[in-house]
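Chemist: One structure coming up, written as structure tokens, with questions to follow.
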Amino acid sequence: MDAGGISNKAKYECLLFDMDDTLYPMSSGLNLACRKNIEDYMLHHLQIEGSQVPKMCLELYKEYGTTMAGLKVFGYEFDNDEFHAYVHGRLPYESLKPDPVLRNLLLSMTQRKIIFTNADKAHAAQVLSRLGLEDCFEGVICFETLNPPPKSESDFVECDETTFFSERSAETENTEITNMNRPRPNLILCKPSQEAIEAAIRIAHIEPDKTVFFDDSSRNIAAGKAAGLHTVIVGSSVLVPGADYALNSIHNIKGALPEIWDAEEGEQMEALIQSSVVETVVLA
């Protein structure tokens with residue numbers, strides 16, 4: 001603590017945001033459209049029995065974090081980029097509109113701000129652009145970040161004004177992955193696995209106890225809390241296991257977590273105090 005009892009150390013240094021159904025409401029319809037596209041892909045490209053597709057799609061999602069990850073575990077072979085192009089490339093993105101309120105909120109936060117999504121980078125770029133938030137984040141941790149192609153040489157892949165973290169750190173590459181007891185072949189790293197959360201922490205070089213994690217999934221929130229993050233469940237007024245805060249809407253951040261802004265106000269007050277002290281000394 002310094003003069004006046006004001007701490008010059010910010011409580012939070014980084015804000016980690018999920019994207020889909022967190023930065024925009026589920027009522028947009030993208031979630032349902034995405035599930036429909038996944039089911040169509042399973043039916044027409046993987047030749048899975050039609051009567052089994054809906055149940056299988058949901059069960060794989062629940063068990064492995066994403067349906068795609070579950071399909072890989074069960075030995076279905078398909079190109080990742082092809083899958084994402086089919087599932088996300090046909091989404092009704094026009095339903096997403098610019099969100100100036102959220103944009104202003106994000107720009108008023110002085111902390112580092114990073115997207116952490118299971119989706120691919122093309123989808124992330126499309127969503128952020130539609131919402132008018134493409135320049136509000138330092139970077140995006142996405143599917144390609146946690147599951148990079150072999151021998152990728154670049155540290156970052158730039159997309160418009162947003163920087164996408166594209167490689168796991170060397171430490172992450174050498175870490176043995178044992179998530180959910182899945183077989184070694186075709187393993188996809190994604191939330192809510194503890195390994196995915198910890199990989200994101202290493203990739204972004206963040207301190208968990210100084211980071212707030214926003215997500216609409218109770219499973220992801222529990223994993224984030226286990227990794228030492230401060231956690232906020234979005235889209236619910238009720239706390240879920242592992243959540244420190246609950247927000248009906250992402251627009252309610254300031255009311256629930258004023259300390260995100262209080263740190264800056266404290267620093268400004270501290271500067272004024274120090275200025276007054278210097279002026280007093282000079283006048284004396």
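Labels used: A, B, ... for chains in the order of the structure tokens, numbers from 1 for residues in each chain, and numbers from 1 for ligands as shown.
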When DSSP is applied to the backbone of this structure, which of range 23-146 of chain A are assigned alpha helix (DSSP H)? Write them out as a PyMOL selection string.

Modeler: chain A and resi 30-44+53-64+67-73+80-89+100-108+121-131+143-146

Chemist: Do you know which residues are at most 7 Å from Val234 in chain A counting only C-alpha atoms, after dropping those on the same chain fewer than 3 positions away, and could you put them as a list in words?

Modeler: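 Contacts, in chain order: Thr22, Phe214, Asp215, Asp216, Ala246, Leu247, Asn248, Ser249 and Ile250 of chain A.
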
Chemist: Point out the residue among A:Glu207, A:Asp81, A:Glu13, A:Asp135 with the least atom-to-atom distance to Arg112 in chain A, counting only C-alpha atoms.

Modeler: A:Glu13

Chemist: Between A:Asn37, A:Ser108, A:Ser27, A:Asn118, which has the minimum distance to Thr66 in chain A (counting only C-alpha atoms)?

Modeler: A:Asn118

Chemist: Would you mind telling me which residue in A:Met109, A:Val127, A:Leu102, A:Glu195 lies nearest to Leu146 in chain A when using only C-alpha atoms?

Modeler: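 Checking each of A:Met109, A:Val127, A:Leu102, A:Glu195 against Leu146 in chain A, counting only C-alpha atoms, the winner is A:Glu195.
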
Chemist: Do you know which residues are at most 8 Å from range 41-49 of chain A counting only C-alpha atoms, after dropping those on the same chain fewer than 2 positions away, and could you put them as a list in words?

Modeler: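 Within the cut-off, the hits are Asn37, Ile38, Glu39, Ser51, Gln52, Val53, Tyr76, Phe83, Tyr86 and Val87 of chain A.
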
Chemist: Tell me, in Å to one decimal, how far CA of Ala10 in chain A is from CA of Lys210 in chain A.

Modeler: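 If I compute the distance from CA of Ala10 in chain A to CA of Lys210 in chain A, I get 8.4 Å.
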
Chemist: Measure the distance from CA of Ser28 in chain A to CA of Leu91 in chain A in Å and round it to one decimal.

Modeler: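 These two atoms are separated by 10.9 Å.
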
Chemist: What is the CA of Lys191 in chain A to CA of Glu134 in chain A distance in Å?

Modeler: 22.4 Å

Chemist: Return the single residue from A:Cys142, A:Leu131, A:Ala196, A:Ala256 that is closest to Glu94 in chain A, with distances computed using only C-alpha atoms.

Modeler: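 Smallest separation from Glu94 in chain A among the options: A:Leu131.
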
Chemist: My list of candidates is A:Tyr245, A:Tyr93, A:Tyr12, A:Tyr24. Which is closest to Gln111 in chain A when distances are computed with only C-alpha atoms?

Modeler: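 Ranking A:Tyr245, A:Tyr93, A:Tyr12, A:Tyr24 by distance to Gln111 in chain A, first place goes to A:Tyr12.
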
Chemist: Check the smallest atom-to-atom distance from each of A:Ser237, A:Asp20, A:Asp120, A:Ile188 to Met68 in chain A using only C-alpha atoms, then report the winner.

Modeler: A:Ile188

Chemist: Glu198 in chain A: which residues within 10 Å, counting only C-alpha atoms, same-chain residues fewer than 2 positions away excluded, as a ChimeraX atom specification?

Modeler: /A:172,193-196,200-203,208,223-224,226-228
